[in-house]
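Since the structure comes first, as structure tokens, the remarks are kept for the end.
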Amino acid sequence: MNNCAIEVHNLTTTYGGAPVLWDIDFELPAGQIIGIIGPNGSGKTTLLKTIMGLLEPSSGYVKIFDQDLEKMRERIAYVPQRESVDWDFPATVEDVVMMGRYRKANLFRRSNRTDLAVVAESIEKVGLTPFKKRQIAQLSGGQQQRVFIARALAQKADVYLMDEPFVGVDAATENAILSLLEEMKAQGKTVLIIHHDLQTVSDYFDYLVLLNTRLIAKGTPQEVLTKENLSNAYGGQLTLLAKVANLIKENEFPIREKDMDL
Amino acid sequence: MNEFWIILTASIVAINAALLGCFLLLRKMSMVGDAISHAVLPGIVVAYYLSGDKTSILLLIGATLTGVLTSYLITFLSKKARIQGDASIGITYTLLFAVGMIMISTWLKGNVDIDMECVLYGDVALINLDKIIIDGNLYIGPRAFYVEIIAFAIIIVSLLWGYKGFKILSFNEDYAQSLGIRTGRWHYFLMTLVSLTTVVAFEVVGAILVVGFLIVPPATAQLLTNRLPFMLIVAALVGIVSAIGGYYLAVWLNVSITAAMIVVSGLIFSLAFIYVRFRERLGNKSVTEHLPI
Amino acid sequence: MQTFIDFISFKDPNVLYVVLGMFFINGSSAMIGTFAFLRKRALIGDAIAHALLPGICLGFMFSGDKNILYLFLGAFATGWISTYLVDYIVNQSKIKQDAAIGIVLSVFFALGIVLLTYIQNAGYSNHGGLNLFLFGQAAAIGKSELWIFAVIFITILLLIILFYKGFTTVAFNADFAKAIGLPVKTIEFLLTSLTVLSIASGIQALGVVLMSALIVTPAAAARFWTNKLPKMLGIAVLFSVFSGFIGAFVSYSESGTPTGPWVVMILSLITLLSFIFSTKRGILARYLQARNNKLKIRHENILKAIYQYHERIGRQVRLDQKLSATDILGIRIFDTSELQKGLRRLIRNDYIRKTEDRYQLTEIGAKESKRIVRLHRLWEQYLLKRTTIDTYHVHSGAEAIEHILSPEIEAELKRELGIEGIPEEDF
Ligand SMILES: Nc1ncnc2c1ncn2[C@@H]1O[C@H](COP(=O)(O)OP(=O)(O)OP(=O)(O)O)[C@@H](O)[C@H]1O
Ligand SMILES: [Mg+2]
């Protein structure tokens with residue numbers, strides 16, 4: 001694929017020996033809104049974390065614009081699941097969004113005018129300007145979600161990975177986020193979103209990845225949302241896969257042989 | 001004059017512990033701080049045994065390393081041995097504490113400098129025995145005070161310098177890592193500072209009571225504030241007030257000074273707790289009043 | 001040796017008291033600790049242990065002497081209040097559990113020290129020995145304490161047997177217990193009370209810090225050996241009691257060293273050994289398992305290579321060729337010495353015959369090689385049917401998995417692919 005934003009090659013990630021992502025291969029087109037779907041526990045979060053280098057894959061690799069992740073950190077932004085942090089943390093909306101400006105290199109200097117301007121702009125984009133001095137615990141779930149999105153926007157990246165940004169969000173906020181996404185797409189950004197609501201996927205996304213431990217399908221919504229694919233992913237057709245994964249874990253089995261590629 | 005130095009030194013101990021304790025608290029690692037403060041004991045004993053001197057720099061480094069090792073061991077037990085987190089903490093520090101106790105009872109039998117009671121609650125009243133006198137007669141304060149001041153300087157500089165790093169580490173470690181920040185290094189940096197604080201506080205407040213300063217003032221501050229800088233300041237203030245109040249309480253009742261300081265910080269915590277509950281109750285009422293029914 | 005004989009002959013009645021005392025204390029706390037461990041409340045024990053100190057001092061101030069009953073009642077009261085406070089702080093504020101434990105632990109302990117120093121300085125007579133509770137002294141166990149410890153031990157044992165169902169359901173899943181109508185509150189109350197009791201019984205011998213080891217460590221060590229609760233309880237008690245015995249002996253022979261720290265050391269040592277040698281989750285077992293897997297994979301790959309050799313020359317039905325090592329290496333790259341080792345093992349196991357530097361499959365070897373190739377293809381088919389996979393990866397993905405598929409899984413694969421009953425030679 002030319003113009004490929006993220007390439008995932010033969011990726012396997014395990015927790016304590018059991019493969020949670022298994023031989024995943026795909027290339028994602030740049031400048032599109034891409035959905036990742038799959039049932040609970042199918043490894044969607046694990047996939048994002050592996051792409052972001054938060055988890056070490058046991059085989060395979062990830063390339064961002066054909067480069068290693070370390071070289072591309074500046075151009076890729078991550079929006080974690082909202083429940084992954086403690087919102088009682090003593091910080092305001094502004095404080096959290098400012099974290100999007102932190103870099104390894106600038107941790108030791110004060111935030112400058114550009115940082116402040118970018119933060120204000122990002123907060124404005126998600127419509128939280130009236131709340132910018134609020135402590136984050138005093139926000140609603142949907143507002144907290146938007147704080148995380150604003151923080152990622154403040155990174156001024158080209159690729160955005162978002163873990164369930166629509167969870168716990170009302171229809172109005174969902175629409176606001178969607179138009180933001182469209183705007184980002186118009187600027188040529190690539191957005192990768194974990195999503196749960198199968199009703200809306202074909203409206204929201206240009207490209208889909210359907211996961212359940214293994215890659216079940218990828219392509220345009222039309223190609224992916226076939227009855228067969230969905231029943232493979234959601235219909236409990238993969239019990240065998242789970243059994244084998246469990247055998248691998250219990251027997252401390254290697255998922256790949258060292259001497260395999262001939 | 002004696003009184004002045006005791007309160008001043010104890011206040012600095014309290015500030016050091018309270019500042020670092022804020023980050024431990026936010027990282028949900030308060031009990032790791034507890035474990036470190038118990039577990040530096042064998043480090044202190046070994047270093048003391050080797051150098052024969054309670055003031056040596058070797059002792060400082062050795063004991064600090066034990067503290068860092070403790071936090072490493074806890075991580076190892078929960079990651080590699082797959083023992084649940086709080087059990088790993090319990091196993092690690094009881095073991096190291098037991099090792100320390102055995103060392104004391106075999107190597108340092110009858111030693112007056114390090115006895116078990118000093119381990120528990122130190123003796124801030126005795127710091128004046130070790131004075132620094134220059135020019136033959138000019139008394140400029142106890143040695144412990146200067147040790148604490150140096151530790152304070154190290155901590156302040158580290159926190160100012162690494163404020164953003166510690167902050168993002170405490171709020172959202174995964175995200176920090178996604179920005180390319182080496183969270184592992186920041187974690188061990190924090191653990192080193194905590195160990196250092198415990199070790200230098202050892203002779204003043206004892207290894208165990210330093211836990212009180214590490215946890216109670218930050219928790220009080222968390223109840224009362226909404227922003228990290230304020231939390232740090234309030235925690236330090238609570239520490240200072242506890243030190244002053246505790247001193248006079250101890251004098252009045254003729255009891256252990258450091259223990260009284262922690263008791264006072266416990267009282268301040270209770271007051272803050274009640275105040276916040278009270279405020280919430282009022283707040284909730286006003287919210288319900290505004291609800292369109 | 002003589003020391004050991006002296007020790008177990010209990011010439012000195014105090015030795016007997018210590019040994020029996022450690023038996024009851026360690027037994028009680030190991031049982032209770034197992035439940036605390038499963039309820040993920042291992043560190044609560046720590047808070048309780050520290051919180052006993054002010055209670056003991058208050059008990060002393062009330063009774064005016066070291067009447068064990070008063071001390072015990074006081075300890076029980078403050079121990080109980082401490083666990084209640086931890087829960088209260090967590091439920092009523094934004095403070096999380098570990099900080100709440102830390103707050104309660106250090107403030108109660110400081111209060112204990114304040115009271116202790118007050119007693120020492122306020123002219124109470126006969127207060128000597130109260131500070132033993134700080135670090136513990138097993139040697140101080142006397143006849144009257146022994147009785148109390150025994151009663152507590154038996155009470156805990158009986159209650160666990162009596163309420164076994166309730167305790168376990170609450171320990172594993174309190175929500176579920178509530179849903180099926182168990183009196184969760186009462187059971188939790190009972191468990192907390194027993195926890196305080198068992199810690200209170202050990203505090204004099206072990207001291208406030210080390211006591212929490214008796215709660216946490218035996219359960220953690222036992223967890224390496226079993227997944228079943230009754231077994232886990234038994235193993236935890238066994239480890240703990242054993243450590244108590246050995247600890248008492250070491251401290252007896254190294255006179256001058258206290259018992260408690262030795263008990264904890266030995267318990268920790270047992271945990272370490274369990275971590276290494278446990279047959280279930282130990283690293284040694286894991287290492288051996290991984291090694292076995294590697295050998296298995298190597299052997300099966302050799303058999304498969306031989307099969308593929310036949311396939312290449314169109315004789316996969318007969319599988320009767322005699323190959324040289326070079327022939328095998330022509331199919332698949334092996335490390336030469338590993339190939340030699342693998343072939344030798346296969347010959348020993350009758351999968352391969354060797355005649356003058358040539359290797360030939362035996363009957364079972366032929367069957368085995370077919371099975372491996374069949375599994376490989378089944379897995380490939382399965383992946384192609386159920387998932388999206390690039391054709392050039394489907395082979396390598398199946399490469400490792402063929403070695404692990406069990407006969408049951410093979411049967412299921414066939415069922416899913418709809419090829420049940422097709423003769424095995426045909427694909
Ligand atoms: N830290 C962990 N340790 C062990 N197993 C884990 C861990 N995190 C996740 N898992 C397991 O890995 C699998 C995939 O988890 P993951 O969080 O990636 O799923 P998901 O697709 O994001 O699910 P959801 O839709 O519920 O968010 C699950 O079966 C989960 O139990
Ligand atoms: Mg998820």
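Every chain in the structure tokens takes a letter, A first, then B, and so on in the order presented; its residues are numbered from 1, and the ligands are numbered from 1 following the presented order.
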*When you get a sec, could you note down which chain B residues fall within 12 Å of chain A, using only C-alpha atoms, as an NGL selection string?*
:B and (22-23 or 25-28 or 79-82 or 157-186 or 218-219 or 221-232)
Could the residues of chain C that have an atom at most 8 Å from chain A be listed as CSV, each with its closest atom pair and the distance in Å to one decimal, counting only C-alpha atoms and ordered by chain and ascending residue number?
```
residue,atom,partner,partner_atom,distance
C:Lys94,CA,A:Asp88,CA,6.7
C:Arg286,CA,A:Glu252,CA,6.6
C:Gln289,CA,A:Glu252,CA,6.5
C:Ala290,CA,A:Glu252,CA,5.7
C:Asn293,CA,A:Phe253,CA,6.4
C:Arg332,CA,A:Leu262,CA,7.2
C:Ile333,CA,A:Leu262,CA,7.5
C:Phe334,CA,A:Asp259,CA,7.8
C:Arg386,CA,A:Asn232,CA,6.1
C:Thr387,CA,A:Ile216,CA,4.1
C:Thr388,CA,A:Ile216,CA,5.1
C:Ile389,CA,A:Leu215,CA,7.1
C:Asp390,CA,A:Asp25,CA,7.6
C:His393,CA,A:Asn10,CA,7.7
C:Ser396,CA,A:Met260,CA,6.6
C:Gly397,CA,A:Asp23,CA,6.9
C:Glu399,CA,A:Met260,CA,7.0
C:Ala400,CA,A:Arg256,CA,5.3
C:Ile401,CA,A:Ile255,CA,7.1
C:Ile404,CA,A:Ile248,CA,7.3
C:Leu405,CA,A:Val244,CA,7.1
C:Ile409,CA,A:Leu240,CA,7.3
C:Glu412,CA,A:Leu240,CA,7.5
C:Leu413,CA,A:Leu240,CA,7.6
```
*asked:* What does the list of residues within 8 Å of ligand 2 look like if you count only C-alpha atoms and all ligand atoms, written as a list in words?
replied: Asn40, Gly41, Gly43, Lys44, Thr45, Thr46, Gln81, Asp163, Glu164 and Ile194 of chain A
Using C-alpha atoms, can you write the selected residues to a file as a compact mmCIF listing (two decimals), in the first residue's frame?
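Saved result, again05.txt, follows:
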```
# COMPACT_ATOMS: atom_id res chain seq x y z
CA ASN A 40 -14.73 -7.60 24.69
CA GLY A 41 -11.33 -9.03 25.46
CA GLY A 43 -7.23 -7.53 22.14
CA LYS A 44 -8.16 -4.09 20.81
CA THR A 45 -6.59 -2.19 23.69
CA THR A 46 -3.63 -4.53 23.56
CA GLN A 81 -9.21 4.45 27.85
CA ASP A 163 -9.25 3.84 22.83
CA GLU A 164 -13.06 3.96 22.97
CA ILE A 194 -11.59 1.50 18.94
```
*Please run DSSP on the backbone and report, as a VMD selection string, all residues within segment 4-208 of chain A that come out as strand (DSSP E).*
chain A and resid 4 to 15 18 to 29 33 to 37 59 to 64 76 to 79 159 to 162 190 to 194 207 to 208
Let's have the selection written as a compact mmCIF listing (two decimals), in the first residue's frame, with N, CA and C atoms.
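For reference, again_20.txt as written:
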```
# COMPACT_ATOMS: atom_id res chain seq x y z
N CYS A 4 0.87 4.56 3.37
CA CYS A 4 0.42 3.73 4.48
C CYS A 4 0.86 4.39 5.79
N ALA A 5 -0.09 4.61 6.70
CA ALA A 5 0.24 5.30 7.95
C ALA A 5 0.82 4.34 8.97
N ILE A 6 0.16 3.21 9.14
CA ILE A 6 0.62 2.24 10.14
C ILE A 6 0.72 0.87 9.49
N GLU A 7 1.88 0.25 9.62
CA GLU A 7 2.00 -1.11 9.14
C GLU A 7 2.23 -2.02 10.34
N VAL A 8 1.38 -3.02 10.48
CA VAL A 8 1.55 -4.00 11.54
C VAL A 8 1.91 -5.30 10.87
N HIS A 9 3.08 -5.84 11.22
CA HIS A 9 3.56 -7.01 10.51
C HIS A 9 3.69 -8.20 11.45
N ASN A 10 2.88 -9.21 11.20
CA ASN A 10 3.05 -10.50 11.87
C ASN A 10 3.12 -10.36 13.39
N LEU A 11 2.28 -9.49 13.94
CA LEU A 11 2.42 -9.08 15.34
C LEU A 11 1.77 -10.08 16.29
N THR A 12 2.51 -10.49 17.29
CA THR A 12 1.96 -11.34 18.34
C THR A 12 2.31 -10.74 19.69
N THR A 13 1.29 -10.58 20.54
CA THR A 13 1.54 -10.07 21.89
C THR A 13 0.93 -11.05 22.89
N THR A 14 1.67 -11.36 23.94
CA THR A 14 1.18 -12.33 24.92
C THR A 14 1.13 -11.71 26.31
N TYR A 15 0.22 -12.21 27.12
CA TYR A 15 0.23 -11.91 28.56
C TYR A 15 0.54 -13.22 29.27
N ALA A 18 0.09 -16.50 27.11
CA ALA A 18 -1.08 -16.70 26.25
C ALA A 18 -1.16 -15.59 25.21
N PRO A 19 -1.27 -15.96 23.94
CA PRO A 19 -1.37 -14.93 22.92
C PRO A 19 -2.70 -14.20 23.00
N VAL A 20 -2.65 -12.88 23.05
CA VAL A 20 -3.86 -12.06 23.09
C VAL A 20 -4.05 -11.43 21.73
N LEU A 21 -2.94 -11.17 21.08
CA LEU A 21 -2.93 -10.79 19.67
C LEU A 21 -2.06 -11.80 18.97
N TRP A 22 -2.52 -12.27 17.83
CA TRP A 22 -1.84 -13.43 17.28
C TRP A 22 -1.67 -13.27 15.79
N ASP A 23 -0.44 -13.11 15.35
CA ASP A 23 -0.14 -13.02 13.92
C ASP A 23 -0.98 -11.98 13.21
N ILE A 24 -0.99 -10.80 13.73
CA ILE A 24 -1.81 -9.75 13.11
C ILE A 24 -1.00 -9.05 12.01
N ASP A 25 -1.63 -8.88 10.87
CA ASP A 25 -1.01 -8.23 9.73
C ASP A 25 -1.97 -7.24 9.13
N PHE A 26 -1.60 -6.00 9.06
CA PHE A 26 -2.40 -5.09 8.25
C PHE A 26 -1.64 -3.81 7.95
N GLU A 27 -2.11 -3.10 6.96
CA GLU A 27 -1.54 -1.79 6.66
C GLU A 27 -2.71 -0.83 6.62
N LEU A 28 -2.57 0.30 7.29
CA LEU A 28 -3.69 1.22 7.36
C LEU A 28 -3.41 2.45 6.49
N PRO A 29 -4.39 2.84 5.69
CA PRO A 29 -4.20 3.98 4.79
C PRO A 29 -4.14 5.28 5.57
N ILE A 33 -10.32 7.79 8.57
CA ILE A 33 -10.78 7.45 9.91
C ILE A 33 -11.01 5.95 9.93
N ILE A 34 -10.27 5.30 10.78
CA ILE A 34 -10.23 3.84 10.75
C ILE A 34 -10.80 3.29 12.06
N GLY A 35 -11.65 2.31 11.97
CA GLY A 35 -12.24 1.72 13.16
C GLY A 35 -11.63 0.36 13.47
N ILE A 36 -11.44 0.11 14.77
CA ILE A 36 -11.05 -1.24 15.20
C ILE A 36 -12.23 -1.79 15.96
N ILE A 37 -12.76 -2.90 15.54
CA ILE A 37 -13.89 -3.48 16.25
C ILE A 37 -13.61 -4.92 16.61
N SER A 59 6.51 -11.27 18.83
CA SER A 59 7.11 -11.35 17.49
C SER A 59 6.48 -10.27 16.63
N GLY A 60 7.11 -10.02 15.50
CA GLY A 60 6.57 -9.03 14.58
C GLY A 60 7.01 -7.62 14.90
N TYR A 61 6.54 -6.69 14.08
CA TYR A 61 6.93 -5.31 14.31
C TYR A 61 5.85 -4.36 13.82
N VAL A 62 6.03 -3.09 14.19
CA VAL A 62 5.10 -2.04 13.79
C VAL A 62 5.92 -0.94 13.13
N LYS A 63 5.41 -0.41 12.02
CA LYS A 63 6.08 0.75 11.40
C LYS A 63 5.08 1.88 11.26
N ILE A 64 5.53 3.07 11.55
CA ILE A 64 4.71 4.26 11.37
C ILE A 64 5.30 5.03 10.19
N ILE A 76 2.77 10.81 16.49
CA ILE A 76 1.70 9.89 16.84
C ILE A 76 1.20 10.16 18.26
N ALA A 77 -0.11 10.24 18.41
CA ALA A 77 -0.69 10.59 19.71
C ALA A 77 -1.64 9.50 20.18
N TYR A 78 -1.67 9.30 21.48
CA TYR A 78 -2.43 8.18 22.06
C TYR A 78 -3.47 8.72 23.01
N VAL A 79 -4.70 8.25 22.87
CA VAL A 79 -5.77 8.59 23.81
C VAL A 79 -6.15 7.33 24.56
N VAL A 159 -0.91 11.09 13.39
CA VAL A 159 -1.68 9.86 13.59
C VAL A 159 -2.22 9.86 15.01
N TYR A 160 -3.49 9.54 15.16
CA TYR A 160 -4.11 9.52 16.50
C TYR A 160 -4.68 8.14 16.76
N LEU A 161 -4.35 7.59 17.91
CA LEU A 161 -4.91 6.29 18.29
C LEU A 161 -5.82 6.52 19.50
N MET A 162 -7.10 6.21 19.35
CA MET A 162 -8.03 6.51 20.44
C MET A 162 -8.71 5.24 20.92
N THR A 190 -4.53 10.92 10.24
CA THR A 190 -5.05 9.57 10.29
C THR A 190 -5.56 9.32 11.70
N VAL A 191 -6.76 8.77 11.83
CA VAL A 191 -7.29 8.52 13.16
C VAL A 191 -7.73 7.06 13.27
N LEU A 192 -7.23 6.42 14.30
CA LEU A 192 -7.54 5.01 14.53
C LEU A 192 -8.36 4.93 15.81
N ILE A 193 -9.56 4.37 15.71
CA ILE A 193 -10.48 4.43 16.84
C ILE A 193 -11.01 3.05 17.20
N ILE A 194 -10.93 2.72 18.48
CA ILE A 194 -11.59 1.50 18.94
C ILE A 194 -13.05 1.82 19.17
N TYR A 207 -12.48 2.77 6.96
CA TYR A 207 -11.75 1.52 6.87
C TYR A 207 -11.92 0.81 8.19
N LEU A 208 -12.00 -0.50 8.16
CA LEU A 208 -12.25 -1.24 9.40
C LEU A 208 -11.26 -2.37 9.59
```
Can you list, as a PDB file with all heavy atoms, in the first residue's frame, every protein, DNA or RNA residue that comes within 10 Å of Ala120 of chain A when you count only C-alpha atoms, leaving out same-chain residues fewer than 6 positions away?
```pdb
ATOM      1  N   GLU A  94      -6.675  22.353  32.088  1.00  0.00           N
ATOM      2  CA  GLU A  94      -5.487  22.925  31.448  1.00  0.00           C
ATOM      3  C   GLU A  94      -4.218  22.135  31.760  1.00  0.00           C
ATOM      4  O   GLU A  94      -3.417  21.869  30.871  1.00  0.00           O
ATOM      5  CB  GLU A  94      -5.278  24.358  31.967  1.00  0.00           C
ATOM      6  CG  GLU A  94      -5.789  25.421  31.048  1.00  0.00           C
ATOM      7  CD  GLU A  94      -5.555  26.802  31.648  1.00  0.00           C
ATOM      8  OE1 GLU A  94      -5.301  26.895  32.874  1.00  0.00           O
ATOM      9  OE2 GLU A  94      -5.624  27.768  30.909  1.00  0.00           O
ATOM     10  N   VAL A  97      -4.227  18.911  29.722  1.00  0.00           N
ATOM     11  CA  VAL A  97      -4.000  19.129  28.294  1.00  0.00           C
ATOM     12  C   VAL A  97      -2.553  19.560  28.046  1.00  0.00           C
ATOM     13  O   VAL A  97      -1.942  19.175  27.046  1.00  0.00           O
ATOM     14  CB  VAL A  97      -4.999  20.160  27.735  1.00  0.00           C
ATOM     15  CG1 VAL A  97      -4.720  20.435  26.263  1.00  0.00           C
ATOM     16  CG2 VAL A  97      -6.419  19.648  27.909  1.00  0.00           C
ATOM     17  N   MET A  98      -1.997  20.292  28.989  1.00  0.00           N
ATOM     18  CA  MET A  98      -0.594  20.697  28.855  1.00  0.00           C
ATOM     19  C   MET A  98       0.342  19.489  28.758  1.00  0.00           C
ATOM     20  O   MET A  98       1.397  19.570  28.130  1.00  0.00           O
ATOM     21  CB  MET A  98      -0.211  21.599  30.045  1.00  0.00           C
ATOM     22  CG  MET A  98       1.186  22.176  29.990  1.00  0.00           C
ATOM     23  SD  MET A  98       1.536  23.120  28.488  1.00  0.00           S
ATOM     24  CE  MET A  98       1.001  24.757  28.940  1.00  0.00           C
ATOM     25  N   THR A 114       4.053  29.257  22.904  1.00  0.00           N
ATOM     26  CA  THR A 114       3.451  28.358  21.921  1.00  0.00           C
ATOM     27  C   THR A 114       2.653  27.283  22.626  1.00  0.00           C
ATOM     28  O   THR A 114       1.516  26.977  22.250  1.00  0.00           O
ATOM     29  CB  THR A 114       4.551  27.655  21.089  1.00  0.00           C
ATOM     30  OG1 THR A 114       5.678  28.495  21.037  1.00  0.00           O
ATOM     31  CG2 THR A 114       4.046  27.272  19.727  1.00  0.00           C
ATOM     32  N   LEU A 128     -14.271  22.904  25.665  1.00  0.00           N
ATOM     33  CA  LEU A 128     -14.178  22.878  27.130  1.00  0.00           C
ATOM     34  C   LEU A 128     -13.658  24.196  27.704  1.00  0.00           C
ATOM     35  O   LEU A 128     -13.339  24.268  28.895  1.00  0.00           O
ATOM     36  CB  LEU A 128     -13.280  21.731  27.587  1.00  0.00           C
ATOM     37  CG  LEU A 128     -13.885  20.322  27.528  1.00  0.00           C
ATOM     38  CD1 LEU A 128     -12.867  19.301  28.012  1.00  0.00           C
ATOM     39  CD2 LEU A 128     -15.144  20.227  28.355  1.00  0.00           C
ATOM     40  N   THR A 129     -13.569  25.217  26.869  1.00  0.00           N
ATOM     41  CA  THR A 129     -12.988  26.475  27.351  1.00  0.00           C
ATOM     42  C   THR A 129     -13.628  26.975  28.654  1.00  0.00           C
ATOM     43  O   THR A 129     -12.899  27.408  29.551  1.00  0.00           O
ATOM     44  CB  THR A 129     -13.064  27.550  26.258  1.00  0.00           C
ATOM     45  OG1 THR A 129     -12.491  27.006  25.065  1.00  0.00           O
ATOM     46  CG2 THR A 129     -12.304  28.795  26.657  1.00  0.00           C
ATOM     47  N   LYS A 132     -11.909  25.240  31.692  1.00  0.00           N
ATOM     48  CA  LYS A 132     -10.467  24.967  31.649  1.00  0.00           C
ATOM     49  C   LYS A 132      -9.798  25.040  33.020  1.00  0.00           C
ATOM     50  O   LYS A 132      -8.761  24.427  33.227  1.00  0.00           O
ATOM     51  CB  LYS A 132      -9.774  25.883  30.649  1.00  0.00           C
ATOM     52  CG  LYS A 132      -9.804  27.341  31.021  1.00  0.00           C
ATOM     53  CD  LYS A 132      -9.091  28.146  29.957  1.00  0.00           C
ATOM     54  CE  LYS A 132      -9.109  29.611  30.340  1.00  0.00           C
ATOM     55  NZ  LYS A 132      -8.634  30.470  29.256  1.00  0.00           N
ATOM     56  N   ALA A 150      -8.439  16.421  23.810  1.00  0.00           N
ATOM     57  CA  ALA A 150      -7.732  17.706  23.700  1.00  0.00           C
ATOM     58  C   ALA A 150      -6.245  17.526  23.963  1.00  0.00           C
ATOM     59  O   ALA A 150      -5.400  18.129  23.290  1.00  0.00           O
ATOM     60  CB  ALA A 150      -8.324  18.706  24.692  1.00  0.00           C
ATOM     61  N   ALA A 154      -3.255  18.483  21.428  1.00  0.00           N
ATOM     62  CA  ALA A 154      -2.150  19.381  21.775  1.00  0.00           C
ATOM     63  C   ALA A 154      -0.805  18.825  21.329  1.00  0.00           C
ATOM     64  O   ALA A 154       0.182  19.548  21.247  1.00  0.00           O
ATOM     65  CB  ALA A 154      -2.135  19.651  23.282  1.00  0.00           C
TER      66      ALA A 154
END
```
*Select all residues from chain C having any atom no more than 6 Å from an atom of chain B (counting only C-alpha atoms, ignoring ligands), output as a ChimeraX atom specification.*
/C:42,98-99,103,106-107,110-111,114,117-118,210,213,216-217,257,261,265
*Just how far from atom CA of Asn16 of chain B is atom CA of Ser71 of chain B, in Å to one decimal?*
19.1 Å
*Contact residues around Leu194 of chain C with only C-alpha atoms at 12 Å, ignoring same-chain residues under 5 positions, as a ChimeraX atom specification*: /C:28-33,35-36,45,48,76,79-80,152-160,167,187-189,199-201,215
Which polymer residues have any atom within 12 Å of an atom of His310 of chain C, counting only C-alpha atoms, with same-chain residues fewer than 3 positions away left out, as a short mmCIF file (atom, residue, chain, number, x, y, z; two decimals) with N, CA and C atoms, in the first residue's frame?
```
data_model
loop_
_atom_site.label_atom_id
_atom_site.label_comp_id
_atom_site.auth_asym_id
_atom_site.auth_seq_id
_atom_site.Cartn_x
_atom_site.Cartn_y
_atom_site.Cartn_z
N LEU C 303 11.12 -35.23 11.84
CA LEU C 303 10.19 -36.18 11.22
C LEU C 303 9.48 -35.52 10.04
N LYS C 304 9.12 -34.27 10.23
CA LYS C 304 8.39 -33.59 9.18
C LYS C 304 9.28 -33.40 7.95
N ALA C 305 10.54 -33.08 8.21
CA ALA C 305 11.46 -32.88 7.09
C ALA C 305 11.60 -34.17 6.29
N ILE C 306 11.64 -35.29 7.02
CA ILE C 306 11.75 -36.57 6.31
C ILE C 306 10.50 -36.81 5.45
N TYR C 307 9.35 -36.46 6.02
CA TYR C 307 8.11 -36.61 5.27
C TYR C 307 8.15 -35.75 4.00
N ILE C 313 9.71 -36.18 -3.76
CA ILE C 313 9.94 -37.16 -4.82
C ILE C 313 8.69 -38.00 -5.05
N GLY C 314 7.56 -37.56 -4.48
CA GLY C 314 6.29 -38.22 -4.79
C GLY C 314 6.09 -39.56 -4.12
N ARG C 315 6.73 -39.81 -2.97
CA ARG C 315 6.55 -41.11 -2.34
C ARG C 315 5.97 -40.98 -0.93
N GLN C 316 5.12 -39.94 -0.76
CA GLN C 316 4.65 -39.70 0.60
C GLN C 316 3.72 -40.78 1.12
N VAL C 317 3.21 -41.62 0.24
CA VAL C 317 2.32 -42.69 0.71
C VAL C 317 3.14 -43.81 1.35
N ARG C 318 4.29 -44.11 0.77
CA ARG C 318 5.05 -45.24 1.26
C ARG C 318 6.00 -44.86 2.39
N LEU C 319 6.59 -43.71 2.25
CA LEU C 319 7.52 -43.24 3.28
C LEU C 319 8.62 -44.26 3.60
N ASP C 320 9.26 -44.76 2.59
CA ASP C 320 10.19 -45.86 2.84
C ASP C 320 11.63 -45.55 2.43
N GLN C 321 11.90 -44.28 2.14
CA GLN C 321 13.24 -43.96 1.65
C GLN C 321 14.27 -43.98 2.77
N LYS C 322 15.50 -44.25 2.37
CA LYS C 322 16.61 -44.15 3.32
C LYS C 322 17.36 -42.86 3.03
N LEU C 323 17.41 -41.98 4.00
CA LEU C 323 17.99 -40.66 3.79
C LEU C 323 19.31 -40.51 4.52
N ASP C 327 20.54 -35.19 3.16
CA ASP C 327 19.21 -35.11 2.54
C ASP C 327 18.26 -34.30 3.41
N ILE C 328 18.29 -34.58 4.71
CA ILE C 328 17.39 -33.87 5.62
C ILE C 328 17.71 -32.39 5.63
N ILE C 331 16.21 -30.25 3.05
CA ILE C 331 14.80 -29.87 3.19
C ILE C 331 14.64 -28.71 4.15
N GLN C 360 15.85 -44.14 8.14
CA GLN C 360 14.58 -44.54 7.54
C GLN C 360 13.52 -44.52 8.63
N LEU C 361 12.34 -44.07 8.23
CA LEU C 361 11.25 -44.02 9.22
C LEU C 361 10.80 -45.44 9.57
N ALA C 366 6.63 -43.18 10.74
CA ALA C 366 5.89 -42.76 9.55
C ALA C 366 4.53 -42.19 9.96
N SER C 369 4.99 -38.78 11.59
CA SER C 369 5.31 -37.70 10.66
C SER C 369 4.06 -37.27 9.90
N LYS C 370 3.21 -38.26 9.56
CA LYS C 370 1.96 -37.90 8.87
C LYS C 370 1.08 -37.06 9.78
#
```
